[in-house]
$ cat my_file24.pdb   # PDB, C-alpha atoms
ATOM      1  CA  MET A   1       6.192 -28.594  16.340  1.00  0.00           C
ATOM      2  CA  ALA A   2       5.966 -26.064  13.522  1.00  0.00           C
ATOM      3  CA  ALA A   3       6.842 -22.468  14.294  1.00  0.00           C
ATOM      4  CA  GLU A   4       3.891 -20.163  14.724  1.00  0.00           C
ATOM      5  CA  ARG A   5       2.995 -18.042  11.746  1.00  0.00           C
ATOM      6  CA  PRO A   6       3.511 -14.308  12.303  1.00  0.00           C
ATOM      7  CA  VAL A   7       0.236 -12.419  12.569  1.00  0.00           C
ATOM      8  CA  ILE A   8      -0.181  -9.947   9.697  1.00  0.00           C
ATOM      9  CA  GLY A   9      -2.909  -7.332  10.037  1.00  0.00           C
ATOM     10  CA  ILE A  10      -4.418  -6.258   6.708  1.00  0.00           C
ATOM     11  CA  THR A  11      -6.515  -3.108   6.435  1.00  0.00           C
ATOM     12  CA  LEU A  12     -10.070  -3.413   5.151  1.00  0.00           C
ATOM     13  CA  ASP A  13     -11.992  -1.008   2.972  1.00  0.00           C
ATOM     14  CA  LEU A  14     -15.300   0.473   4.124  1.00  0.00           C
ATOM     15  CA  GLU A  15     -18.130   0.607   1.608  1.00  0.00           C
ATOM     16  CA  ASP A  16     -21.434   2.425   1.758  1.00  0.00           C
ATOM     17  CA  GLY A  17     -24.517   0.231   1.648  1.00  0.00           C
ATOM     18  CA  GLY A  18     -26.899   0.129  -1.294  1.00  0.00           C
ATOM     19  CA  ALA A  19     -29.884  -1.818  -2.538  1.00  0.00           C
ATOM     20  CA  GLU A  20     -27.930  -3.518  -5.327  1.00  0.00           C
ATOM     21  CA  ARG A  21     -24.739  -4.156  -3.377  1.00  0.00           C
ATOM     22  CA  TYR A  22     -23.633  -6.670  -0.739  1.00  0.00           C
ATOM     23  CA  SER A  23     -25.792  -5.024   1.926  1.00  0.00           C
ATOM     24  CA  ARG A  24     -28.104  -2.059   2.327  1.00  0.00           C
ATOM     25  CA  PHE A  25     -25.895  -1.083   5.254  1.00  0.00           C
ATOM     26  CA  ALA A  26     -22.198  -0.175   5.429  1.00  0.00           C
ATOM     27  CA  TRP A  27     -19.871  -3.147   4.943  1.00  0.00           C
ATOM     28  CA  CYS A  28     -16.154  -3.927   4.880  1.00  0.00           C
ATOM     29  CA  ALA A  29     -14.331  -5.332   1.867  1.00  0.00           C
ATOM     30  CA  LEU A  30     -10.960  -6.895   1.047  1.00  0.00           C
ATOM     31  CA  ARG A  31      -9.781  -8.539  -2.164  1.00  0.00           C
ATOM     32  CA  GLU A  32      -8.976 -12.174  -1.411  1.00  0.00           C
ATOM     33  CA  ASN A  33      -5.528 -12.218  -2.993  1.00  0.00           C
ATOM     34  CA  TYR A  34      -4.184  -9.881  -0.292  1.00  0.00           C
ATOM     35  CA  LEU A  35      -5.024 -12.622   2.207  1.00  0.00           C
ATOM     36  CA  SER A  36      -3.775 -15.528   0.103  1.00  0.00           C
ATOM     37  CA  ALA A  37      -0.499 -13.750  -0.709  1.00  0.00           C
ATOM     38  CA  VAL A  38       0.233 -13.370   3.015  1.00  0.00           C
ATOM     39  CA  ALA A  39      -0.824 -16.940   3.811  1.00  0.00           C
ATOM     40  CA  THR A  40       1.267 -18.362   0.947  1.00  0.00           C
ATOM     41  CA  ALA A  41       4.262 -16.403   2.207  1.00  0.00           C
ATOM     42  CA  GLY A  42       3.896 -18.036   5.625  1.00  0.00           C
ATOM     43  CA  GLY A  43       1.916 -15.416   7.524  1.00  0.00           C
ATOM     44  CA  LEU A  44      -1.370 -15.600   9.408  1.00  0.00           C
ATOM     45  CA  PRO A  45      -3.562 -12.960   7.723  1.00  0.00           C
ATOM     46  CA  VAL A  46      -6.029 -11.060   9.918  1.00  0.00           C
ATOM     47  CA  ALA A  47      -8.394  -8.426   8.519  1.00  0.00           C
ATOM     48  CA  LEU A  48      -8.445  -5.121  10.402  1.00  0.00           C
ATOM     49  CA  PRO A  49     -11.611  -3.031  10.661  1.00  0.00           C
ATOM     50  CA  LEU A  50     -11.349   0.743  10.575  1.00  0.00           C
ATOM     51  CA  PHE A  51     -11.502   2.016  14.153  1.00  0.00           C
ATOM     52  CA  PRO A  52      -8.946   4.815  14.582  1.00  0.00           C
ATOM     53  CA  GLN A  53      -9.318   4.802  18.354  1.00  0.00           C
ATOM     54  CA  LEU A  54      -8.301   1.115  18.519  1.00  0.00           C
ATOM     55  CA  GLY A  55      -5.115   1.379  16.479  1.00  0.00           C
ATOM     56  CA  LEU A  56      -2.757   0.873  19.411  1.00  0.00           C
ATOM     57  CA  GLU A  57      -4.702  -2.121  20.687  1.00  0.00           C
ATOM     58  CA  TYR A  58      -4.790  -3.821  17.302  1.00  0.00           C
ATOM     59  CA  VAL A  59      -1.103  -3.290  16.593  1.00  0.00           C
ATOM     60  CA  ALA A  60      -0.167  -4.651  20.021  1.00  0.00           C
ATOM     61  CA  LYS A  61      -1.390  -8.049  18.779  1.00  0.00           C
ATOM     62  CA  LEU A  62       0.303  -7.926  15.365  1.00  0.00           C
ATOM     63  CA  ASP A  63       3.719  -8.956  14.067  1.00  0.00           C
ATOM     64  CA  GLY A  64       3.353  -7.014  10.813  1.00  0.00           C
ATOM     65  CA  LEU A  65       1.004  -4.505   9.152  1.00  0.00           C
ATOM     66  CA  LEU A  66      -0.135  -4.501   5.518  1.00  0.00           C
ATOM     67  CA  ILE A  67      -1.844  -1.283   4.353  1.00  0.00           C
ATOM     68  CA  THR A  68      -3.875  -2.041   1.260  1.00  0.00           C
ATOM     69  CA  GLY A  69      -4.917   0.037  -1.730  1.00  0.00           C
ATOM     70  CA  GLY A  70      -8.386   1.228  -2.649  1.00  0.00           C
ATOM     71  CA  ALA A  71     -10.443   3.416  -4.947  1.00  0.00           C
ATOM     72  CA  PHE A  72      -9.899   6.606  -2.966  1.00  0.00           C
ATOM     73  CA  ASP A  73      -7.238   9.230  -2.261  1.00  0.00           C
ATOM     74  CA  ILE A  74      -5.475  10.797   0.701  1.00  0.00           C
ATOM     75  CA  ASP A  75      -6.744  14.219   1.709  1.00  0.00           C
ATOM     76  CA  PRO A  76      -4.438  16.797   0.078  1.00  0.00           C
ATOM     77  CA  LEU A  77      -4.539  18.797   3.309  1.00  0.00           C
ATOM     78  CA  LEU A  78      -2.387  16.078   4.880  1.00  0.00           C
ATOM     79  CA  TYR A  79       0.518  16.948   2.601  1.00  0.00           C
ATOM     80  CA  GLY A  80       0.028  20.698   2.629  1.00  0.00           C
ATOM     81  CA  ALA A  81      -1.907  21.207  -0.607  1.00  0.00           C
ATOM     82  CA  SER A  82      -4.363  24.101  -0.560  1.00  0.00           C
ATOM     83  CA  GLU A  83      -6.477  22.839  -3.469  1.00  0.00           C
ATOM     84  CA  ARG A  84      -8.095  19.499  -4.291  1.00  0.00           C
ATOM     85  CA  HIS A  85      -8.268  18.152  -7.830  1.00  0.00           C
ATOM     86  CA  PRO A  86     -11.829  17.286  -8.979  1.00  0.00           C
ATOM     87  CA  SER A  87     -10.808  13.641  -9.421  1.00  0.00           C
ATOM     88  CA  VAL A  88      -9.853  13.222  -5.753  1.00  0.00           C
ATOM     89  CA  THR A  89     -12.153  10.956  -3.720  1.00  0.00           C
ATOM     90  CA  LEU A  90     -11.799  10.843   0.066  1.00  0.00           C
ATOM     91  CA  ARG A  91     -12.556   8.211   2.706  1.00  0.00           C
ATOM     92  CA  PRO A  92     -11.727  10.121   5.892  1.00  0.00           C
ATOM     93  CA  ARG A  93     -12.458   7.333   8.377  1.00  0.00           C
ATOM     94  CA  ARG A  94     -10.263   4.891   6.503  1.00  0.00           C
ATOM     95  CA  THR A  95      -7.396   7.372   6.307  1.00  0.00           C
ATOM     96  CA  ARG A  96      -7.675   8.185  10.016  1.00  0.00           C
ATOM     97  CA  ALA A  97      -7.693   4.492  10.915  1.00  0.00           C
ATOM     98  CA  GLU A  98      -4.761   3.606   8.678  1.00  0.00           C
ATOM     99  CA  ASN A  99      -2.791   6.571   9.981  1.00  0.00           C
ATOM    100  CA  ALA A 100      -3.392   5.374  13.544  1.00  0.00           C
ATOM    101  CA  LEU A 101      -2.330   1.821  12.667  1.00  0.00           C
ATOM    102  CA  LEU A 102       0.766   3.060  10.831  1.00  0.00           C
ATOM    103  CA  ALA A 103       1.833   5.300  13.713  1.00  0.00           C
ATOM    104  CA  ALA A 104       1.417   2.455  16.215  1.00  0.00           C
ATOM    105  CA  ALA A 105       3.296   0.006  13.967  1.00  0.00           C
ATOM    106  CA  LEU A 106       6.222   2.384  13.554  1.00  0.00           C
ATOM    107  CA  GLN A 107       6.274   3.051  17.293  1.00  0.00           C
ATOM    108  CA  ARG A 108       6.579  -0.709  17.898  1.00  0.00           C
ATOM    109  CA  ASN A 109       9.000  -1.025  14.959  1.00  0.00           C
ATOM    110  CA  ILE A 110       7.098  -3.940  13.434  1.00  0.00           C
ATOM    111  CA  PRO A 111       7.357  -4.467   9.662  1.00  0.00           C
ATOM    112  CA  VAL A 112       5.010  -2.424   7.473  1.00  0.00           C
ATOM    113  CA  LEU A 113       4.193  -3.029   3.818  1.00  0.00           C
ATOM    114  CA  GLY A 114       2.108  -0.460   1.929  1.00  0.00           C
ATOM    115  CA  ILE A 115       0.502  -1.258  -1.422  1.00  0.00           C
ATOM    116  CA  CYS A 116      -0.689   1.406  -3.877  1.00  0.00           C
ATOM    117  CA  GLY A 117      -2.671   3.802  -1.648  1.00  0.00           C
ATOM    118  CA  GLY A 118      -0.882   2.261   1.330  1.00  0.00           C
ATOM    119  CA  MET A 119       2.430   3.228  -0.224  1.00  0.00           C
ATOM    120  CA  GLN A 120       1.163   6.790  -0.687  1.00  0.00           C
ATOM    121  CA  LEU A 121       0.094   6.931   2.970  1.00  0.00           C
ATOM    122  CA  ILE A 122       3.581   5.875   4.070  1.00  0.00           C
ATOM    123  CA  ALA A 123       5.073   8.499   1.758  1.00  0.00           C
ATOM    124  CA  VAL A 124       2.893  11.304   3.144  1.00  0.00           C
ATOM    125  CA  ASN A 125       3.891  10.297   6.666  1.00  0.00           C
ATOM    126  CA  LEU A 126       7.497  10.682   5.533  1.00  0.00           C
ATOM    127  CA  GLY A 127       6.817  14.250   4.440  1.00  0.00           C
ATOM    128  CA  ALA A 128       6.134  13.509   0.767  1.00  0.00           C
ATOM    129  CA  THR A 129       3.756  15.379  -1.488  1.00  0.00           C
ATOM    130  CA  LEU A 130       1.486  13.685  -4.023  1.00  0.00           C
ATOM    131  CA  ILE A 131       0.695  14.466  -7.634  1.00  0.00           C
ATOM    132  CA  GLN A 132      -3.088  14.605  -7.474  1.00  0.00           C
ATOM    133  CA  HIS A 133      -3.815  13.535 -11.064  1.00  0.00           C
ATOM    134  CA  LEU A 134      -1.017  12.250 -13.284  1.00  0.00           C
ATOM    135  CA  PRO A 135      -2.729  12.834 -16.669  1.00  0.00           C
ATOM    136  CA  ASP A 136      -3.066  16.550 -15.887  1.00  0.00           C
ATOM    137  CA  THR A 137       0.499  16.953 -14.644  1.00  0.00           C
ATOM    138  CA  ASN A 138       2.134  15.101 -17.507  1.00  0.00           C
ATOM    139  CA  PRO A 139      -0.121  13.918 -20.336  1.00  0.00           C
ATOM    140  CA  THR A 140       2.740  11.899 -21.837  1.00  0.00           C
ATOM    141  CA  THR A 141       3.108   9.539 -18.869  1.00  0.00           C
ATOM    142  CA  LEU A 142       2.355   5.853 -19.207  1.00  0.00           C
ATOM    143  CA  PRO A 143      -1.282   4.765 -18.646  1.00  0.00           C
ATOM    144  CA  HIS A 144      -0.898   4.165 -14.913  1.00  0.00           C
ATOM    145  CA  GLU A 145      -4.559   3.188 -14.761  1.00  0.00           C
ATOM    146  CA  GLN A 146      -3.915   0.352 -17.145  1.00  0.00           C
ATOM    147  CA  PRO A 147      -6.601  -0.623 -19.682  1.00  0.00           C
ATOM    148  CA  ASN A 148      -5.719  -4.341 -19.569  1.00  0.00           C
ATOM    149  CA  PRO A 149      -6.694  -6.621 -16.630  1.00  0.00           C
ATOM    150  CA  ARG A 150      -4.982  -6.003 -13.297  1.00  0.00           C
ATOM    151  CA  ASP A 151      -3.533  -9.508 -13.244  1.00  0.00           C
ATOM    152  CA  GLU A 152      -1.381  -8.631 -16.259  1.00  0.00           C
ATOM    153  CA  ALA A 153       1.713  -6.475 -16.442  1.00  0.00           C
ATOM    154  CA  SER A 154       1.422  -2.849 -17.517  1.00  0.00           C
ATOM    155  CA  HIS A 155       5.001  -1.553 -17.547  1.00  0.00           C
ATOM    156  CA  GLY A 156       8.416  -2.005 -16.013  1.00  0.00           C
ATOM    157  CA  VAL A 157       9.968  -0.369 -12.961  1.00  0.00           C
ATOM    158  CA  ASP A 158      13.634   0.139 -12.255  1.00  0.00           C
ATOM    159  CA  ILE A 159      14.688  -1.003  -8.776  1.00  0.00           C
ATOM    160  CA  GLN A 160      16.986   1.554  -7.198  1.00  0.00           C
ATOM    161  CA  PRO A 161      20.328   0.306  -5.821  1.00  0.00           C
ATOM    162  CA  ASP A 162      21.257   0.428  -2.141  1.00  0.00           C
ATOM    163  CA  THR A 163      17.646   0.123  -0.975  1.00  0.00           C
ATOM    164  CA  LEU A 164      15.772  -2.442   1.088  1.00  0.00           C
ATOM    165  CA  LEU A 165      13.721  -3.320  -1.985  1.00  0.00           C
ATOM    166  CA  ALA A 166      16.905  -4.000  -3.973  1.00  0.00           C
ATOM    167  CA  ARG A 167      18.166  -6.329  -1.233  1.00  0.00           C
ATOM    168  CA  ILE A 168      14.815  -8.131  -1.168  1.00  0.00           C
ATOM    169  CA  THR A 169      14.685  -8.644  -4.927  1.00  0.00           C
ATOM    170  CA  GLY A 170      18.223  -9.994  -4.984  1.00  0.00           C
ATOM    171  CA  GLY A 171      19.765  -7.442  -7.242  1.00  0.00           C
ATOM    172  CA  ALA A 172      17.022  -7.372  -9.896  1.00  0.00           C
ATOM    173  CA  THR A 173      17.285  -4.089 -11.774  1.00  0.00           C
ATOM    174  CA  ARG A 174      13.922  -4.097 -13.550  1.00  0.00           C
ATOM    175  CA  ILE A 175      10.667  -5.955 -12.880  1.00  0.00           C
ATOM    176  CA  ALA A 176       7.266  -6.048 -14.587  1.00  0.00           C
ATOM    177  CA  VAL A 177       4.351  -4.574 -12.638  1.00  0.00           C
ATOM    178  CA  ASN A 178       0.648  -3.856 -12.967  1.00  0.00           C
ATOM    179  CA  SER A 179      -0.681  -0.337 -12.508  1.00  0.00           C
ATOM    180  CA  ALA A 180      -3.918   0.982 -10.994  1.00  0.00           C
ATOM    181  CA  HIS A 181      -3.388   4.558  -9.824  1.00  0.00           C
ATOM    182  CA  HIS A 182      -4.040   8.104 -10.984  1.00  0.00           C
ATOM    183  CA  GLN A 183      -1.848   9.717  -8.316  1.00  0.00           C
ATOM    184  CA  ALA A 184       1.847   9.354  -7.487  1.00  0.00           C
ATOM    185  CA  VAL A 185       4.503  10.609  -5.111  1.00  0.00           C
ATOM    186  CA  GLY A 186       5.733  14.044  -6.169  1.00  0.00           C
ATOM    187  CA  THR A 187       8.525  14.936  -3.742  1.00  0.00           C
ATOM    188  CA  PRO A 188       9.575  12.066  -1.433  1.00  0.00           C
ATOM    189  CA  GLY A 189      10.260  14.030   1.760  1.00  0.00           C
ATOM    190  CA  ARG A 190      12.656  12.046   3.920  1.00  0.00           C
ATOM    191  CA  GLY A 191      11.572   8.801   2.237  1.00  0.00           C
ATOM    192  CA  ARG A 192      14.027   6.830   0.145  1.00  0.00           C
ATOM    193  CA  VAL A 193      12.823   6.144  -3.403  1.00  0.00           C
ATOM    194  CA  ASN A 194      13.306   2.464  -4.240  1.00  0.00           C
ATOM    195  CA  ALA A 195      11.534   2.047  -7.604  1.00  0.00           C
ATOM    196  CA  ILE A 196      10.906   4.292 -10.613  1.00  0.00           C
ATOM    197  CA  ALA A 197       8.702   3.621 -13.655  1.00  0.00           C
ATOM    198  CA  GLU A 198       9.941   3.863 -17.211  1.00  0.00           C
ATOM    199  CA  ASP A 199       8.430   7.352 -17.485  1.00  0.00           C
ATOM    200  CA  GLY A 200      10.089   8.628 -14.296  1.00  0.00           C
ATOM    201  CA  VAL A 201       7.076   8.241 -11.979  1.00  0.00           C
ATOM    202  CA  ILE A 202       8.053   7.189  -8.441  1.00  0.00           C
ATOM    203  CA  GLU A 203       6.801   3.637  -7.853  1.00  0.00           C
ATOM    204  CA  GLY A 204       8.230   2.756  -4.457  1.00  0.00           C
ATOM    205  CA  ILE A 205       9.395   4.357  -1.236  1.00  0.00           C
ATOM    206  CA  GLU A 206      10.788   3.227   2.102  1.00  0.00           C
ATOM    207  CA  ASP A 207      11.578   4.668   5.516  1.00  0.00           C
ATOM    208  CA  PRO A 208      15.339   4.585   6.091  1.00  0.00           C
ATOM    209  CA  ASP A 209      14.831   4.934   9.846  1.00  0.00           C
ATOM    210  CA  HIS A 210      12.925   1.654  10.301  1.00  0.00           C
ATOM    211  CA  ARG A 211      14.092  -1.881   9.680  1.00  0.00           C
ATOM    212  CA  PHE A 212      11.142  -2.685   7.388  1.00  0.00           C
ATOM    213  CA  CYS A 213       8.763   0.061   6.305  1.00  0.00           C
ATOM    214  CA  LEU A 214       8.329  -0.173   2.571  1.00  0.00           C
ATOM    215  CA  GLY A 215       5.692   0.773   0.022  1.00  0.00           C
ATOM    216  CA  VAL A 216       5.169  -0.069  -3.649  1.00  0.00           C
ATOM    217  CA  GLN A 217       2.775   1.617  -6.048  1.00  0.00           C
ATOM    218  CA  TRP A 218       1.862  -1.596  -7.885  1.00  0.00           C
ATOM    219  CA  HIS A 219      -0.103  -4.592  -6.586  1.00  0.00           C
ATOM    220  CA  PRO A 220       2.319  -7.450  -5.789  1.00  0.00           C
ATOM    221  CA  GLU A 221      -0.521  -9.561  -4.378  1.00  0.00           C
ATOM    222  CA  PHE A 222      -1.270 -10.549  -8.006  1.00  0.00           C
ATOM    223  CA  GLY A 223       2.159 -12.193  -8.269  1.00  0.00           C
ATOM    224  CA  ILE A 224       2.880 -10.974 -11.803  1.00  0.00           C
ATOM    225  CA  ASP A 225       6.664 -10.963 -11.384  1.00  0.00           C
ATOM    226  CA  PRO A 226       8.684 -13.419  -9.234  1.00  0.00           C
ATOM    227  CA  ALA A 227       9.840 -10.373  -7.259  1.00  0.00           C
ATOM    228  CA  ASP A 228       6.260  -9.918  -6.024  1.00  0.00           C
ATOM    229  CA  ARG A 229       6.282 -13.224  -4.175  1.00  0.00           C
ATOM    230  CA  THR A 230       9.790 -12.513  -2.914  1.00  0.00           C
ATOM    231  CA  LEU A 231       8.558  -9.223  -1.465  1.00  0.00           C
ATOM    232  CA  PHE A 232       5.760 -10.917   0.479  1.00  0.00           C
ATOM    233  CA  LYS A 233       8.124 -13.614   1.739  1.00  0.00           C
ATOM    234  CA  ALA A 234      10.613 -10.998   2.951  1.00  0.00           C
ATOM    235  CA  PHE A 235       7.843  -9.031   4.679  1.00  0.00           C
ATOM    236  CA  VAL A 236       6.454 -12.095   6.461  1.00  0.00           C
ATOM    237  CA  GLN A 237       9.942 -13.276   7.375  1.00  0.00           C
ATOM    238  CA  ALA A 238      10.738  -9.897   8.937  1.00  0.00           C
ATOM    239  CA  ALA A 239       7.469 -10.103  10.872  1.00  0.00           C
ATOM    240  CA  GLY A 240       8.420 -13.568  12.068  1.00  0.00           C
ATOM    241  CA  GLU A 241      11.730 -12.275  13.366  1.00  0.00           C
ATOM    242  CA  GLN A 242       9.729  -9.682  15.308  1.00  0.00           C
ATOM    243  CA  ALA A 243       7.338 -12.250  16.811  1.00  0.00           C
TER     244      ALA A 243
END

$ encode --input "my_file24.pdb" --output "structure tokens"
Amino acid sequence: MAAERPVIGITLDLEDGGAERYSRFAWCALRENYLSAVATAGGLPVALPLFPQLGLEYVAKLDGLLITGGAFDIDPLLYGASERHPSVTLRPRRTRAENALLAAALQRNIPVLGICGGMQLIAVNLGATLIQHLPDTNPTTLPHEQPNPRDEASHGVDIQPDTLLARITGGATRIAVNSAHHQAVGTPGRGRVNAIAEDGVIEGIEDPDHRFCLGVQWHPEFGIDPADRTLFKAFVQAAGEQA
């Protein structure tokens, strides 16, 4: 009998309704390749709706948590900023729900993988600050909101030695990634930086106090570099060891 697949909870987005959209009423959304990347890696993907008050109950049934990205930002108040850049877009219910899920997952010490905005949420929970709009802070940075399609590479990142990410990628020192963000980690707090872009922007962070709590700024669900698939396999494997 085949071993049971570890259950991986994946956070949904919450969209407002509209006459020309999926529904006139509020609806949840999730790009399919998040699900297929988990399934291909051996996990059982389960989509998680955004109910902050149910975070503990959801996580009690999970073996791993994947916090996805989205077209929104974390409230600057959560990392101590007194001002909000005009480009910042908030989704308070989603942030509250993902914070509740993250806290419950860390309490249970189940593996957590954060992607793009999910990586930034992990970072903020580790005491990091965020750069609210990269083009304003450093106009000479790479185009981190890449003009080419998201399923193509944008730039390289350097994997930092002596990190969980370095162990996962088998000693790879540089990988090709896509890029779809206008914010980035500023100061990492107690987080350990595990990847840095060619222009010095922090592209990955992990929690040294947990066996698997890792975030990357790019979108490995597109599988652009072999290291992307390796990352998902390592995440699902760690969840399976938890199950």

$ resolve_selection --input "my_file24.pdb" --expression "the PyMOL selection byres ((chain A and resi 14) around 6)" --output "list of chain:residue names"
A:Asp13, A:Glu15, A:Trp27, A:Cys28

$ residues_around --input "my_file24.pdb" --residues "Phe51 (chain A)" --least-positions-apart "5" --cutoff "9 Å" --atoms "only C-alpha atoms" --output "PyMOL selection string"
chain A and resi 93-94+96-98+100

$ resolve_selection --input "my_file24.pdb" --expression "the PyMOL selection byres ((chain A and resi 91) around 8)" --output "PDB file with C-alpha atoms, in the coordinates of the input"
ATOM      1  CA  PHE A  72      -9.899   6.606  -2.966  1.00  0.00           C
ATOM      2  CA  ASP A  73      -7.238   9.230  -2.261  1.00  0.00           C
ATOM      3  CA  ILE A  74      -5.475  10.797   0.701  1.00  0.00           C
ATOM      4  CA  THR A  89     -12.153  10.956  -3.720  1.00  0.00           C
ATOM      5  CA  LEU A  90     -11.799  10.843   0.066  1.00  0.00           C
ATOM      6  CA  PRO A  92     -11.727  10.121   5.892  1.00  0.00           C
ATOM      7  CA  ARG A  93     -12.458   7.333   8.377  1.00  0.00           C
ATOM      8  CA  ARG A  94     -10.263   4.891   6.503  1.00  0.00           C
ATOM      9  CA  THR A  95      -7.396   7.372   6.307  1.00  0.00           C
TER      10      THR A  95
END

$ atom_distance --input "my_file24.pdb" --atom1 "CA of Asp209 (chain A)" --atom2 "CA of Gly114 (chain A)"
15.9 Å

$ closest_atom_pairs --input "my_file24.pdb" --of "region 86-142 of chain A" --to "region 152-176 of chain A" --cutoff "12 Å" --atoms "only C-alpha atoms" --output "JSON lines"
{"residue": "A:Leu113", "atom": "CA", "partner": "A:Leu165", "partner_atom": "CA", "distance": 11.2}
{"residue": "A:Thr141", "atom": "CA", "partner": "A:His155", "partner_atom": "CA", "distance": 11.3}
{"residue": "A:Leu142", "atom": "CA", "partner": "A:His155", "partner_atom": "CA", "distance": 8.0}

$ closest_residue --input "my_file24.pdb" --among "A:Thr11, A:Gln53, A:Gln237, A:Gln183" --to "Phe212 (chain A)" --atoms "all atoms listed in the file"
A:Gln237

$ decode --input "my_file24.pdb" --residues "region 56-71 of chain A" --atoms "N, CA and C atoms" --output "compact mmCIF listing (two decimals), in the first residue's frame"
# COMPACT_ATOMS: atom_id res chain seq x y z
N LEU A 56 -6.24 27.77 13.88
CA LEU A 56 -5.79 26.63 14.67
C LEU A 56 -6.45 25.33 14.21
N GLU A 57 -7.73 25.40 13.89
CA GLU A 57 -8.45 24.19 13.48
C GLU A 57 -7.97 23.70 12.12
N TYR A 58 -7.72 24.60 11.21
CA TYR A 58 -7.20 24.19 9.91
C TYR A 58 -5.83 23.54 10.05
N VAL A 59 -4.94 24.21 10.75
CA VAL A 59 -3.56 23.73 10.85
C VAL A 59 -3.48 22.40 11.57
N ALA A 60 -4.41 22.13 12.46
CA ALA A 60 -4.44 20.84 13.16
C ALA A 60 -4.60 19.68 12.19
N LYS A 61 -5.13 19.93 11.00
CA LYS A 61 -5.36 18.88 10.02
C LYS A 61 -4.32 18.86 8.90
N LEU A 62 -3.31 19.73 9.00
CA LEU A 62 -2.31 19.86 7.95
C LEU A 62 -0.98 19.23 8.35
N ASP A 63 -0.20 18.85 7.33
CA ASP A 63 1.17 18.41 7.53
C ASP A 63 2.17 19.47 7.08
N GLY A 64 1.70 20.44 6.30
CA GLY A 64 2.55 21.53 5.84
C GLY A 64 1.68 22.70 5.40
N LEU A 65 2.25 23.91 5.40
CA LEU A 65 1.52 25.12 5.05
C LEU A 65 2.28 25.86 3.97
N LEU A 66 1.59 26.19 2.88
CA LEU A 66 2.14 27.01 1.80
C LEU A 66 1.39 28.34 1.78
N ILE A 67 2.12 29.44 2.02
CA ILE A 67 1.54 30.79 1.98
C ILE A 67 1.89 31.40 0.63
N THR A 68 0.86 31.69 -0.15
CA THR A 68 1.05 32.10 -1.53
C THR A 68 1.28 33.61 -1.65
N GLY A 69 1.59 34.03 -2.87
CA GLY A 69 1.72 35.45 -3.16
C GLY A 69 0.39 36.04 -3.62
N GLY A 70 0.42 37.31 -3.97
CA GLY A 70 -0.79 37.98 -4.43
C GLY A 70 -0.52 39.44 -4.73
N ALA A 71 -1.47 40.06 -5.38
CA ALA A 71 -1.32 41.46 -5.79
C ALA A 71 -1.75 42.40 -4.67
